file coords25.cif (mmCIF, C-alpha atoms)
data_my_file
#
loop_
_atom_site.label_atom_id
_atom_site.label_comp_id
_atom_site.auth_asym_id
_atom_site.auth_seq_id
_atom_site.Cartn_x
_atom_site.Cartn_y
_atom_site.Cartn_z
CA MET T 77 127.84 150.51 124.96
CA THR T 78 127.56 153.94 123.41
CA ASP T 79 129.05 157.13 124.78
CA SER T 80 125.68 158.53 125.74
CA SER T 81 124.75 155.48 127.82
CA MET T 82 127.90 156.00 129.87
CA GLN T 83 126.92 159.49 130.95
CA ALA T 84 125.34 159.77 134.35
CA ARG T 85 121.71 160.73 134.05
CA PRO T 86 121.32 164.27 135.41
CA PRO T 87 119.17 164.51 138.54
CA GLN T 88 115.61 165.47 137.65
CA ALA T 89 114.62 169.00 138.56
CA ALA T 90 112.08 169.01 141.39
CA LEU T 91 109.82 171.59 142.99
CA GLU T 92 108.05 171.36 146.34
CA PHE T 93 104.61 172.94 146.13
CA TRP T 94 103.21 173.99 149.53
CA PHE T 95 99.54 174.89 149.28
CA GLU T 96 96.25 175.15 151.18
CA PHE T 97 92.72 174.77 149.80
CA GLY T 98 91.48 177.89 151.59
CA SER T 99 94.03 180.14 149.87
CA ASN T 100 92.81 182.03 146.80
CA TYR T 101 96.27 182.49 145.29
CA SER T 102 96.93 178.76 145.86
CA TYR T 103 93.83 178.23 143.71
CA ILE T 104 95.40 179.95 140.71
CA THR T 105 98.59 177.95 141.13
CA VAL T 106 96.82 174.60 141.59
CA MET T 107 94.96 175.19 138.33
CA ARG T 108 98.13 175.72 136.31
CA ILE T 109 101.09 174.12 138.07
CA GLU T 110 100.94 170.59 136.67
CA LYS T 111 101.01 171.81 133.08
CA ALA T 112 103.69 174.41 133.82
CA ALA T 113 105.93 171.90 135.63
CA ALA T 114 105.56 169.35 132.83
CA ALA T 115 106.49 172.00 130.26
CA HIS T 116 109.75 172.58 132.17
CA GLY T 117 110.37 168.88 132.82
CA VAL T 118 110.17 169.53 136.57
CA LYS T 119 108.91 166.87 139.01
CA LEU T 120 106.25 168.20 141.39
CA ILE T 121 106.22 167.32 145.08
CA TRP T 122 102.79 168.16 146.52
CA ARG T 123 102.91 169.48 150.09
CA PRO T 124 99.49 170.26 151.57
CA PHE T 125 99.62 172.12 154.89
CA LEU T 126 97.33 174.23 157.05
CA LEU T 127 97.75 178.01 157.01
CA GLY T 128 95.53 178.56 160.06
CA PRO T 129 98.06 177.47 162.73
CA ILE T 130 100.77 179.54 161.00
CA PHE T 131 98.61 182.68 160.92
CA LYS T 132 97.75 182.02 164.59
CA SER T 133 101.46 181.89 165.43
CA PHE T 134 101.70 185.46 164.08
CA GLY T 135 98.84 186.47 166.38
CA TRP T 136 96.39 186.69 163.48
CA THR T 137 92.82 185.50 163.91
CA SER T 138 92.12 185.13 160.17
CA SER T 139 93.58 185.70 156.70
CA PRO T 140 95.39 189.02 156.18
CA PHE T 141 92.87 189.63 153.38
CA VAL T 142 90.17 189.68 156.05
CA LEU T 143 92.13 191.47 158.77
CA GLN T 144 93.45 194.26 156.53
CA LYS T 145 90.44 195.58 154.67
CA GLU T 146 92.32 197.72 152.11
CA LYS T 147 94.44 194.75 151.02
CA GLY T 148 91.36 192.51 151.05
CA ALA T 149 89.37 194.86 148.81
CA TYR T 150 92.28 194.93 146.37
CA THR T 151 92.77 191.17 146.45
CA TRP T 152 89.29 190.43 145.12
CA LYS T 153 89.80 192.83 142.21
CA ASP T 154 93.19 191.29 141.54
CA MET T 155 91.67 187.78 141.54
CA VAL T 156 89.14 188.74 138.85
CA ARG T 157 91.94 190.06 136.63
CA GLN T 158 94.41 187.26 137.37
CA CYS T 159 91.87 184.50 136.71
CA ARG T 160 90.93 186.18 133.43
CA LYS T 161 94.62 186.41 132.52
CA TYR T 162 95.23 182.72 133.20
CA GLY T 163 91.91 181.66 131.68
CA ILE T 164 90.50 180.02 134.78
CA PRO T 165 87.01 180.42 136.24
CA TRP T 166 86.36 182.61 139.26
CA LYS T 167 83.41 183.20 141.54
CA HIS T 168 83.86 185.41 144.56
CA PRO T 169 83.46 183.05 147.56
CA ASP T 170 80.68 183.88 150.02
CA ALA T 171 82.81 182.38 152.79
CA PHE T 172 86.51 183.21 153.09
CA PRO T 173 88.80 181.70 154.06
CA ARG T 174 87.03 178.35 153.83
CA SER T 175 88.18 175.57 156.12
CA GLY T 176 89.64 172.67 154.15
CA VAL T 177 90.92 170.24 156.78
CA LEU T 178 89.27 167.09 155.38
CA PRO T 179 90.23 167.71 151.72
CA MET T 180 93.77 168.60 152.90
CA ARG T 181 94.00 165.26 154.72
CA VAL T 182 92.88 163.51 151.53
CA ALA T 183 95.51 165.48 149.59
CA LEU T 184 98.12 164.18 152.02
CA VAL T 185 96.94 160.60 151.41
CA GLY T 186 97.09 161.17 147.66
CA ALA T 187 100.19 163.37 147.48
CA GLU T 188 102.23 160.75 145.62
CA GLN T 189 99.35 159.31 143.62
CA PRO T 190 98.80 160.11 139.93
CA TRP T 191 95.39 161.60 140.75
CA ILE T 192 96.68 164.35 143.09
CA GLY T 193 96.69 167.15 140.49
CA GLU T 194 93.18 166.50 139.18
CA TYR T 195 91.87 166.03 142.74
CA CYS T 196 93.30 169.37 143.88
CA ARG T 197 91.91 171.19 140.86
CA ARG T 198 88.42 169.80 141.54
CA VAL T 199 88.48 170.76 145.23
CA MET T 200 89.77 174.22 144.40
CA MET T 201 87.09 174.73 141.78
CA LEU T 202 84.40 173.76 144.31
CA ASN T 203 85.68 176.58 146.53
CA PHE T 204 86.59 179.31 144.06
CA ALA T 205 84.61 178.56 140.87
CA TYR T 206 81.37 177.14 142.40
CA ASP T 207 81.51 178.90 145.80
CA GLN T 208 80.74 175.76 147.79
CA ASP T 209 81.94 174.47 151.13
CA ILE T 210 84.69 171.87 150.85
CA ASP T 211 85.24 170.69 154.42
CA ASN T 212 82.65 167.90 154.58
CA VAL T 213 82.53 164.21 153.70
CA GLN T 214 79.85 164.61 151.05
CA ALA T 215 81.75 167.23 149.03
CA VAL T 216 85.04 165.33 149.17
CA SER T 217 83.35 162.00 148.39
CA GLU T 218 81.70 163.46 145.31
CA VAL T 219 85.01 164.78 144.06
CA LEU T 220 86.70 161.40 144.54
CA LYS T 221 83.80 159.40 143.04
CA GLY T 222 83.68 161.79 140.10
CA MET T 223 87.25 160.72 139.38
CA GLY T 224 86.40 157.00 139.67
CA LEU T 225 88.31 156.62 142.95
CA PRO T 226 87.30 154.51 146.01
CA ALA T 227 86.04 157.46 148.05
CA GLY T 228 85.14 155.46 151.16
CA ASP T 229 88.56 153.83 151.52
CA ILE T 230 90.41 157.08 150.88
CA ILE T 231 88.35 159.07 153.37
CA THR T 232 88.76 156.33 155.97
CA GLU T 233 92.52 156.58 155.58
CA ALA T 234 92.40 160.38 155.51
CA THR T 235 90.50 160.60 158.80
CA ALA T 236 92.57 157.99 160.65
CA GLU T 237 94.84 159.22 163.43
CA PRO T 238 98.14 158.66 161.56
CA THR T 239 97.00 160.96 158.73
CA LYS T 240 95.77 163.63 161.13
CA LEU T 241 99.13 163.50 162.87
CA ARG T 242 101.00 163.71 159.54
CA LEU T 243 99.09 166.86 158.53
CA ARG T 244 99.93 168.48 161.86
CA GLU T 245 103.58 167.47 161.36
CA GLN T 246 103.63 168.79 157.80
CA THR T 247 102.19 172.10 159.02
CA GLY T 248 104.92 172.22 161.67
CA ALA T 249 107.50 171.52 158.96
CA ALA T 250 106.11 174.42 156.90
CA GLN T 251 106.48 176.71 159.88
CA ALA T 252 110.03 175.48 160.55
CA LYS T 253 110.93 176.27 156.93
CA GLY T 254 109.81 179.89 157.40
CA ILE T 255 106.64 179.57 155.32
CA PHE T 256 104.31 182.50 156.05
CA GLY T 257 101.73 182.20 153.26
CA ALA T 258 100.59 180.12 150.32
CA PRO T 259 101.38 179.12 147.70
CA THR T 260 105.06 178.68 148.55
CA PHE T 261 107.61 176.78 146.46
CA PHE T 262 110.92 175.27 147.47
CA VAL T 263 113.80 174.17 145.28
CA GLY T 264 116.18 172.68 147.82
CA ASP T 265 116.46 175.40 150.48
CA GLU T 266 115.47 178.22 148.12
CA MET T 267 112.02 179.60 148.89
CA PHE T 268 109.68 181.33 146.43
CA TRP T 269 106.41 182.83 147.64
CA GLY T 270 103.27 183.43 145.66
CA ASN T 271 101.69 182.41 142.37
CA ASP T 272 103.65 185.25 140.72
CA ARG T 273 106.91 183.42 141.45
CA LEU T 274 105.99 180.05 139.92
CA GLU T 275 107.89 180.70 136.69
CA ASP T 276 111.00 181.90 138.58
CA ALA T 277 110.87 178.82 140.81
CA LEU T 278 110.54 176.44 137.85
CA ALA T 279 113.43 178.12 136.04
CA PHE T 280 115.53 177.86 139.21
CA ALA T 281 114.66 174.16 139.56
CA VAL T 282 115.81 173.51 136.00
CA SER T 283 119.07 175.44 136.38
CA SER T 284 119.80 173.79 139.76
CA ALA T 285 119.42 170.32 138.26
CA LEU T 286 121.86 171.21 135.44
CA ALA T 287 124.44 172.75 137.79
CA MET K 288 93.30 216.90 104.10
CA THR K 289 93.87 213.15 104.16
CA ASP K 290 91.61 210.59 105.74
CA SER K 291 94.01 209.90 108.52
CA SER K 292 94.26 213.56 109.55
CA MET K 293 90.49 213.62 109.96
CA GLN K 294 90.48 210.87 112.54
CA ALA K 295 90.28 211.99 116.13
CA ARG K 296 93.57 211.30 117.85
CA PRO K 297 92.97 208.54 120.40
CA PRO K 298 93.54 209.61 124.01
CA GLN K 299 97.03 208.68 125.14
CA ALA K 300 97.23 205.80 127.57
CA ALA K 301 98.35 206.98 131.01
CA LEU K 302 99.51 205.30 134.20
CA GLU K 303 99.72 206.83 137.67
CA PHE K 304 102.80 205.55 139.50
CA TRP K 305 102.55 205.87 143.29
CA PHE K 306 105.91 205.23 144.95
CA GLU K 307 108.05 205.92 148.01
CA PHE K 308 111.86 206.08 148.20
CA GLY K 309 111.98 203.90 151.33
CA SER K 310 110.21 200.99 149.60
CA ASN K 311 112.44 198.25 148.19
CA TYR K 312 109.92 197.02 145.64
CA SER K 313 109.39 200.63 144.53
CA TYR K 314 113.14 200.62 143.84
CA ILE K 315 112.83 197.85 141.27
CA THR K 316 109.93 199.60 139.59
CA VAL K 317 111.62 203.03 139.55
CA MET K 318 114.62 201.48 137.80
CA ARG K 319 112.57 200.02 134.96
CA ILE K 320 109.27 201.90 134.64
CA GLU K 321 110.27 204.73 132.30
CA LYS K 322 111.62 202.33 129.69
CA ALA K 323 108.67 199.94 130.09
CA ALA K 324 106.09 202.74 129.80
CA ALA K 325 107.81 204.17 126.73
CA ALA K 326 107.83 200.73 125.09
CA HIS K 327 104.04 200.59 125.53
CA GLY K 328 103.50 204.24 124.52
CA VAL K 329 102.07 204.96 127.96
CA LYS K 330 102.40 208.37 129.60
CA LEU K 331 103.68 208.19 133.18
CA ILE K 332 102.25 210.29 135.98
CA TRP K 333 104.68 210.28 138.92
CA ARG K 334 102.95 210.30 142.32
CA PRO K 335 105.37 210.38 145.26
CA PHE K 336 103.69 209.78 148.64
CA LEU K 337 104.70 208.74 152.16
CA LEU K 338 104.02 205.17 153.27
CA GLY K 339 104.71 205.90 156.95
CA PRO K 340 101.39 207.64 157.71
CA ILE K 341 99.49 204.91 155.87
CA PHE K 342 101.22 202.14 157.81
CA LYS K 343 100.52 204.08 161.01
CA SER K 344 96.82 204.22 160.10
CA PHE K 345 96.87 200.38 160.12
CA GLY K 346 98.41 200.47 163.60
CA TRP K 347 101.84 199.44 162.28
CA THR K 348 104.97 200.99 163.71
CA SER K 349 107.20 200.07 160.75
CA SER K 350 107.30 198.22 157.43
CA PRO K 351 105.60 194.80 157.39
CA PHE K 352 109.02 193.44 156.33
CA VAL K 353 110.33 194.57 159.73
CA LEU K 354 107.27 193.69 161.81
CA GLN K 355 106.80 190.20 160.35
CA LYS K 356 110.19 188.56 160.53
CA GLU K 357 109.39 185.52 158.33
CA LYS K 358 108.18 187.74 155.50
CA GLY K 359 111.13 190.07 156.01
CA ALA K 360 113.68 187.25 155.82
CA TYR K 361 112.08 186.10 152.58
CA THR K 362 111.90 189.60 151.11
CA TRP K 363 115.66 190.09 151.21
CA LYS K 364 116.24 186.80 149.40
CA ASP K 365 113.58 187.73 146.88
CA MET K 366 115.23 191.13 146.29
CA VAL K 367 118.57 189.49 145.43
CA ARG K 368 116.88 187.26 142.87
CA GLN K 369 114.56 189.93 141.47
CA CYS K 370 117.34 192.47 141.02
CA ARG K 371 119.43 189.83 139.25
CA LYS K 372 116.46 189.01 137.01
CA TYR K 373 115.92 192.65 136.04
CA GLY K 374 119.66 193.36 135.77
CA ILE K 375 119.74 196.09 138.40
CA PRO K 376 122.26 196.51 141.23
CA TRP K 377 121.40 195.57 144.79
CA LYS K 378 123.07 196.05 148.15
CA HIS K 379 121.23 195.01 151.27
CA PRO K 380 120.50 198.30 153.13
CA ASP K 381 121.91 198.60 156.64
CA ALA K 382 118.95 200.82 157.54
CA PHE K 383 115.40 199.85 156.52
CA PRO K 384 113.05 201.41 155.84
CA ARG K 385 115.03 204.61 155.22
CA SER K 386 113.25 207.91 155.68
CA GLY K 387 112.99 209.80 152.41
CA VAL K 388 110.92 212.88 153.21
CA LEU K 389 113.27 215.47 151.64
CA PRO K 390 113.87 213.53 148.41
CA MET K 391 110.11 212.82 148.21
CA ARG K 392 109.41 216.57 148.46
CA VAL K 393 111.90 217.16 145.64
CA ALA K 394 110.18 214.44 143.61
CA LEU K 395 106.91 216.31 144.08
CA VAL K 396 108.53 219.53 142.81
CA GLY K 397 109.92 217.67 139.80
CA ALA K 398 107.02 215.31 139.14
CA GLU K 399 106.16 216.92 135.80
CA GLN K 400 109.73 217.79 134.83
CA PRO K 401 111.69 215.81 132.25
CA TRP K 402 114.30 214.97 134.90
CA ILE K 403 111.94 213.12 137.28
CA GLY K 404 112.81 209.61 136.07
CA GLU K 405 116.58 210.03 136.23
CA TYR K 406 116.31 211.83 139.59
CA CYS K 407 114.26 209.00 141.11
CA ARG K 408 116.64 206.35 139.82
CA ARG K 409 119.62 208.15 141.36
CA VAL K 410 117.94 208.55 144.76
CA MET K 411 116.83 204.92 144.74
CA MET K 412 120.33 203.74 143.84
CA LEU K 413 121.78 205.74 146.75
CA ASN K 414 119.46 203.79 149.07
CA PHE K 415 119.46 200.31 147.55
CA ALA K 416 122.64 200.05 145.47
CA TYR K 417 125.04 202.17 147.61
CA ASP K 418 123.33 201.70 151.01
CA GLN K 419 123.47 205.39 151.90
CA ASP K 420 121.08 207.67 153.75
CA ILE K 421 118.92 209.78 151.45
CA ASP K 422 117.01 212.08 153.79
CA ASN K 423 119.51 214.96 154.03
CA VAL K 424 120.29 218.10 152.05
CA GLN K 425 123.80 216.99 151.09
CA ALA K 426 122.72 213.69 149.54
CA VAL K 427 119.83 215.25 147.59
CA SER K 428 121.98 218.23 146.49
CA GLU K 429 124.63 215.92 145.12
CA VAL K 430 122.05 213.98 143.15
CA LEU K 431 120.60 217.17 141.63
CA LYS K 432 124.00 218.74 140.91
CA GLY K 433 125.15 215.48 139.34
CA MET K 434 122.32 215.96 136.85
CA GLY K 435 123.28 219.61 136.15
CA LEU K 436 120.20 220.97 137.96
CA PRO K 437 119.96 224.07 140.23
CA ALA K 438 120.03 222.14 143.49
CA GLY K 439 119.71 225.18 145.78
CA ASP K 440 116.60 226.54 144.07
CA ILE K 441 114.93 223.15 143.88
CA ILE K 442 115.59 222.32 147.54
CA THR K 443 114.34 225.75 148.60
CA GLU K 444 111.08 225.10 146.78
CA ALA K 445 110.91 221.53 148.10
CA THR K 446 111.23 222.61 151.73
CA ALA K 447 108.80 225.54 151.50
CA GLU K 448 105.47 225.19 153.30
CA PRO K 449 103.31 224.79 150.16
CA THR K 450 105.35 221.75 149.06
CA LYS K 451 105.24 220.19 152.53
CA LEU K 452 101.49 220.64 152.52
CA ARG K 453 101.17 219.15 149.03
CA LEU K 454 103.07 216.01 150.08
CA ARG K 455 100.78 215.59 153.06
CA GLU K 456 97.78 216.07 150.77
CA GLN K 457 99.12 213.59 148.23
CA THR K 458 99.64 211.05 151.03
CA GLY K 459 96.05 211.65 152.14
CA ALA K 460 94.92 211.14 148.54
CA ALA K 461 96.80 207.83 148.42
CA GLN K 462 95.02 206.70 151.55
CA ALA K 463 91.65 207.81 150.19
CA LYS K 464 92.29 205.74 147.06
CA GLY K 465 92.80 202.62 149.19
CA ILE K 466 96.57 202.43 148.65
CA PHE K 467 98.14 200.14 151.28
CA GLY K 468 101.66 199.63 149.91
CA ALA K 469 104.10 200.65 147.20
CA PRO K 470 104.55 200.60 144.34
CA THR K 471 100.91 201.01 143.33
CA PHE K 472 99.63 201.83 139.86
CA PHE K 473 96.34 203.33 138.79
CA VAL K 474 94.75 203.37 135.35
CA GLY K 475 91.66 205.46 135.96
CA ASP K 476 90.05 203.84 139.02
CA GLU K 477 91.71 200.46 138.45
CA MET K 478 94.41 199.71 141.03
CA PHE K 479 97.41 197.44 140.56
CA TRP K 480 99.73 196.70 143.48
CA GLY K 481 103.37 195.68 143.33
CA ASN K 482 106.24 195.63 140.89
CA ASP K 483 104.94 192.24 139.69
CA ARG K 484 101.83 193.95 138.29
CA LEU K 485 103.58 196.64 136.21
CA GLU K 486 103.16 194.75 132.93
CA ASP K 487 99.47 194.04 133.62
CA ALA K 488 98.89 197.70 134.48
CA LEU K 489 100.61 198.93 131.30
CA ALA K 490 98.63 196.49 129.15
CA PHE K 491 95.43 197.66 130.83
CA ALA K 492 96.37 201.31 130.21
CA VAL K 493 96.88 200.59 126.52
CA SER K 494 93.61 198.66 126.15
CA SER K 495 91.68 201.33 128.09
CA ALA K 496 92.92 204.08 125.78
CA LEU K 497 91.84 202.05 122.72
CA ALA K 498 88.41 201.25 124.12
#
call {"tool": "encode", "arguments": {"input": "coords25.cif", "output": "structure tokens"}}
result
Amino acid sequence: MTDSSMQARPPQAALEFWFEFGSNYSYITVMRIEKAAAAHGVKLIWRPFLLGPIFKSFGWTSSPFVLQKEKGAYTWKDMVRQCRKYGIPWKHPDAFPRSGVLPMRVALVGAEQPWIGEYCRRVMMLNFAYDQDIDNVQAVSEVLKGMGLPAGDIITEATAEPTKLRLREQTGAAQAKGIFGAPTFFVGDEMFWGNDRLEDALAFAVSSALA
Amino acid sequence: MTDSSMQARPPQAALEFWFEFGSNYSYITVMRIEKAAAAHGVKLIWRPFLLGPIFKSFGWTSSPFVLQKEKGAYTWKDMVRQCRKYGIPWKHPDAFPRSGVLPMRVALVGAEQPWIGEYCRRVMMLNFAYDQDIDNVQAVSEVLKGMGLPAGDIITEATAEPTKLRLREQTGAAQAKGIFGAPTFFVGDEMFWGNDRLEDALAFAVSSALA
């Protein structure tokens, strides 16, 4: 037995990634988070949730980018620049925010599967690179089939009552954690909000695991 | 005459910096913008304005960090981490947002003076590093005197009607430009919002001047 084999293995750094398919800044993060987390050696925990019920709890009837027109006008200019900066495609969506309940339920089914990252990128690109609706069986089936996955079985599981209940519970958990927008990251109890904080959150995850 | 002296001098890159002393994210930017702009060779144009009238125009009675408690709770945690990251002091203010009308009027008087950067840093530190009120003659006088400036003359000019009118006009100009928060940067007509966008705005200023 060598010295090194006697050392306890340090706990792996982990990051919870709370996201929603209707959220444009979640789009940027979804497109880059798997690569960024791997580069830091950080394990990703995918946490799909619904923003709608949280916005409703604030008394909002839609996204703040819709309700506050000055911020909304800015956001679309910012998205053009940010997507260019990160090298990801962008097409201004005709409908915003798009409902994504079905693809979110599928994301919940697949959250611990190896295909979750690629699946999320494809759904997000449908919404924000191809400007297409995502909340229907045909769109989600095509994404899953395009990845060689058993679309019928997955959608059956995604639309069963236990999954619906789990997504409501996960949305309630988001609210209980103080989440007010997306994307949001957690490292333990430490919250980081927004695509702009991904690097800070990953660095914090790494330093927490070493501590 | 050498070849190089015959070349037209390229226009210097410039950045408008719209800020308010009551804004915590403006604090971070004020503390670092002069050095960052100098490193990029970008000329800074200081544009003090009042956020209060703009928030009122949205129907808000205070800062969104006060009105939306989840976002507010997050903001104070984010400030601790951001200030640590940038290496600037931070003390959670007992009063928020603090009124800063008098120091803003002085900033307008000094906007094109060589002392504007140092003056703004000192006022911001009173608010966010020493947790002291800033909207009174004594506080502003001490800041100016501490810099060897003629505090009495400057405050007289700052509180004269033409300066008051100019600050109202500058606030109206901010609103007309679609500004909805602070800090906000402009390079020509291109708007960048938030301390997180300072580097993008400086890079854009440099590339615009070269174009």
call {"tool": "interface_residues", "arguments": {"input": "coords25.cif", "of": "chain K", "to": "chain T", "cutoff": "10 Å", "atoms": "all atoms listed in the file", "output": "PyMOL selection string"}}
result
chain K and resi 345+355-358+360-362+364-365+368-369+372+462+464-468+477-480+483-484+487
call {"tool": "resolve_selection", "arguments": {"input": "coords25.cif", "expression": "the PyMOL selection byres ((chain T and resi 130) around 12)", "output": "ChimeraX atom specification"}}
result
/T:96,125-129,131-140,244,246-258 /K:357
call {"tool": "resolve_selection", "arguments": {"input": "coords25.cif", "expression": "the PyMOL selection byres ((chain K and resi 312) around 8)", "output": "VMD selection string"}}
result
chain K and resid 310 to 311 313 to 316 366 469 to 470 481 to 482
call {"tool": "residues_around", "arguments": {"input": "coords25.cif", "residues": "Glu233 in chain T", "least_positions_apart": "6", "cutoff": "9 Å", "atoms": "only C-alpha atoms", "output": "list in words"}}
result
Arg181, Val182, Val185 and Thr239 of chain T
call {"tool": "resolve_selection", "arguments": {"input": "coords25.cif", "expression": "the PyMOL selection byres ((chain T and resi 186-200) around 7)", "output": "PyMOL selection string"}}
result
chain T and resi 97+103+106-107+110+122+182-185+201-204+210+219
call {"tool": "write_last_selection", "arguments": {"input": "coords25.cif", "atoms": "C-alpha atoms", "output": "mmCIF file, in the coordinates of the input"}}
result
data_model
loop_
_atom_site.group_PDB
_atom_site.id
_atom_site.type_symbol
_atom_site.label_atom_id
_atom_site.label_comp_id
_atom_site.auth_asym_id
_atom_site.auth_seq_id
_atom_site.Cartn_x
_atom_site.Cartn_y
_atom_site.Cartn_z
ATOM 1 C CA PHE T 97 92.720 174.770 149.800
ATOM 2 C CA TYR T 103 93.830 178.230 143.710
ATOM 3 C CA VAL T 106 96.820 174.600 141.590
ATOM 4 C CA MET T 107 94.960 175.190 138.330
ATOM 5 C CA GLU T 110 100.940 170.590 136.670
ATOM 6 C CA TRP T 122 102.790 168.160 146.520
ATOM 7 C CA VAL T 182 92.880 163.510 151.530
ATOM 8 C CA ALA T 183 95.510 165.480 149.590
ATOM 9 C CA LEU T 184 98.120 164.180 152.020
ATOM 10 C CA VAL T 185 96.940 160.600 151.410
ATOM 11 C CA MET T 201 87.090 174.730 141.780
ATOM 12 C CA LEU T 202 84.400 173.760 144.310
ATOM 13 C CA ASN T 203 85.680 176.580 146.530
ATOM 14 C CA PHE T 204 86.590 179.310 144.060
ATOM 15 C CA ILE T 210 84.690 171.870 150.850
ATOM 16 C CA VAL T 219 85.010 164.780 144.060
#
call {"tool": "atom_distance", "arguments": {"input": "coords25.cif", "atom1": "CA of Val216 in chain T", "atom2": "CA of Leu178 in chain T"}}
result
7.7 Å
call {"tool": "atom_distance", "arguments": {"input": "coords25.cif", "atom1": "CA of Asp418 in chain K", "atom2": "CA of Ile320 in chain K"}}
result
21.6 Å
call {"tool": "closest_residue", "arguments": {"input": "coords25.cif", "among": "T:Trp166, T:Trp152, T:Phe93, T:Phe141", "to": "Tyr206 in chain T", "atoms": "only C-alpha atoms"}}
result
T:Trp166
call {"tool": "residues_around", "arguments": {"input": "coords25.cif", "residues": "Gly439 in chain K", "least_positions_apart": "6", "cutoff": "12 Å", "atoms": "all atoms listed in the file", "output": "PyMOL selection string"}}
result
chain K and resi 393+424-425+427-432+445-446
call {"tool": "closest_residue", "arguments": {"input": "coords25.cif", "among": "K:Val388, K:Ala382, K:Ala490, K:Val353", "to": "Gln419 in chain K", "atoms": "all atoms listed in the file"}}
result
K:Ala382
call {"tool": "atom_distance", "arguments": {"input": "coords25.cif", "atom1": "CA of Gly374 in chain K", "atom2": "CA of Ala277 in chain T"}}
result
17.7 Å
call {"tool": "decode", "arguments": {"input": "coords25.cif", "residues": "range 268-272 of chain T", "atoms": "all heavy atoms", "output": "PDB file, in the first residue's frame"}}
result
ATOM      1  N   PHE T 268     -25.683  31.555  -6.535  1.00  0.00           N
ATOM      2  CA  PHE T 268     -25.121  32.439  -7.566  1.00  0.00           C
ATOM      3  C   PHE T 268     -26.182  32.574  -8.646  1.00  0.00           C
ATOM      4  O   PHE T 268     -26.708  31.579  -9.135  1.00  0.00           O
ATOM      5  CB  PHE T 268     -23.858  31.823  -8.182  1.00  0.00           C
ATOM      6  CG  PHE T 268     -22.721  31.624  -7.213  1.00  0.00           C
ATOM      7  CD1 PHE T 268     -22.704  30.528  -6.368  1.00  0.00           C
ATOM      8  CD2 PHE T 268     -21.674  32.531  -7.144  1.00  0.00           C
ATOM      9  CE1 PHE T 268     -21.653  30.331  -5.475  1.00  0.00           C
ATOM     10  CE2 PHE T 268     -20.617  32.352  -6.262  1.00  0.00           C
ATOM     11  CZ  PHE T 268     -20.615  31.248  -5.419  1.00  0.00           C
ATOM     12  N   TRP T 269     -26.474  33.809  -9.039  1.00  0.00           N
ATOM     13  CA  TRP T 269     -27.548  34.043 -10.008  1.00  0.00           C
ATOM     14  C   TRP T 269     -26.998  34.601 -11.307  1.00  0.00           C
ATOM     15  O   TRP T 269     -26.254  35.580 -11.289  1.00  0.00           O
ATOM     16  CB  TRP T 269     -28.563  35.033  -9.416  1.00  0.00           C
ATOM     17  CG  TRP T 269     -29.588  35.526 -10.393  1.00  0.00           C
ATOM     18  CD1 TRP T 269     -30.422  34.764 -11.155  1.00  0.00           C
ATOM     19  CD2 TRP T 269     -29.884  36.888 -10.710  1.00  0.00           C
ATOM     20  NE1 TRP T 269     -31.228  35.568 -11.923  1.00  0.00           N
ATOM     21  CE2 TRP T 269     -30.920  36.875 -11.670  1.00  0.00           C
ATOM     22  CE3 TRP T 269     -29.386  38.120 -10.260  1.00  0.00           C
ATOM     23  CZ2 TRP T 269     -31.455  38.043 -12.204  1.00  0.00           C
ATOM     24  CZ3 TRP T 269     -29.922  39.276 -10.790  1.00  0.00           C
ATOM     25  CH2 TRP T 269     -30.952  39.235 -11.744  1.00  0.00           C
ATOM     26  N   GLY T 270     -27.397  33.976 -12.394  1.00  0.00           N
ATOM     27  CA  GLY T 270     -27.124  34.525 -13.715  1.00  0.00           C
ATOM     28  C   GLY T 270     -25.932  33.891 -14.421  1.00  0.00           C
ATOM     29  O   GLY T 270     -24.949  33.508 -13.783  1.00  0.00           O
ATOM     30  N   ASN T 271     -26.040  33.817 -15.741  1.00  0.00           N
ATOM     31  CA  ASN T 271     -24.953  33.280 -16.555  1.00  0.00           C
ATOM     32  C   ASN T 271     -23.613  33.953 -16.241  1.00  0.00           C
ATOM     33  O   ASN T 271     -22.569  33.315 -16.260  1.00  0.00           O
ATOM     34  CB  ASN T 271     -25.306  33.463 -18.034  1.00  0.00           C
ATOM     35  CG  ASN T 271     -24.180  33.030 -18.943  1.00  0.00           C
ATOM     36  OD1 ASN T 271     -23.821  31.864 -18.990  1.00  0.00           O
ATOM     37  ND2 ASN T 271     -23.567  33.974 -19.644  1.00  0.00           N
ATOM     38  N   ASP T 272     -23.653  35.244 -15.915  1.00  0.00           N
ATOM     39  CA  ASP T 272     -22.419  35.983 -15.605  1.00  0.00           C
ATOM     40  C   ASP T 272     -21.697  35.444 -14.368  1.00  0.00           C
ATOM     41  O   ASP T 272     -20.540  35.797 -14.140  1.00  0.00           O
ATOM     42  CB  ASP T 272     -22.726  37.469 -15.351  1.00  0.00           C
ATOM     43  CG  ASP T 272     -23.230  38.172 -16.594  1.00  0.00           C
ATOM     44  OD1 ASP T 272     -22.794  37.804 -17.700  1.00  0.00           O
ATOM     45  OD2 ASP T 272     -24.055  39.095 -16.459  1.00  0.00           O
TER      46      ASP T 272
END
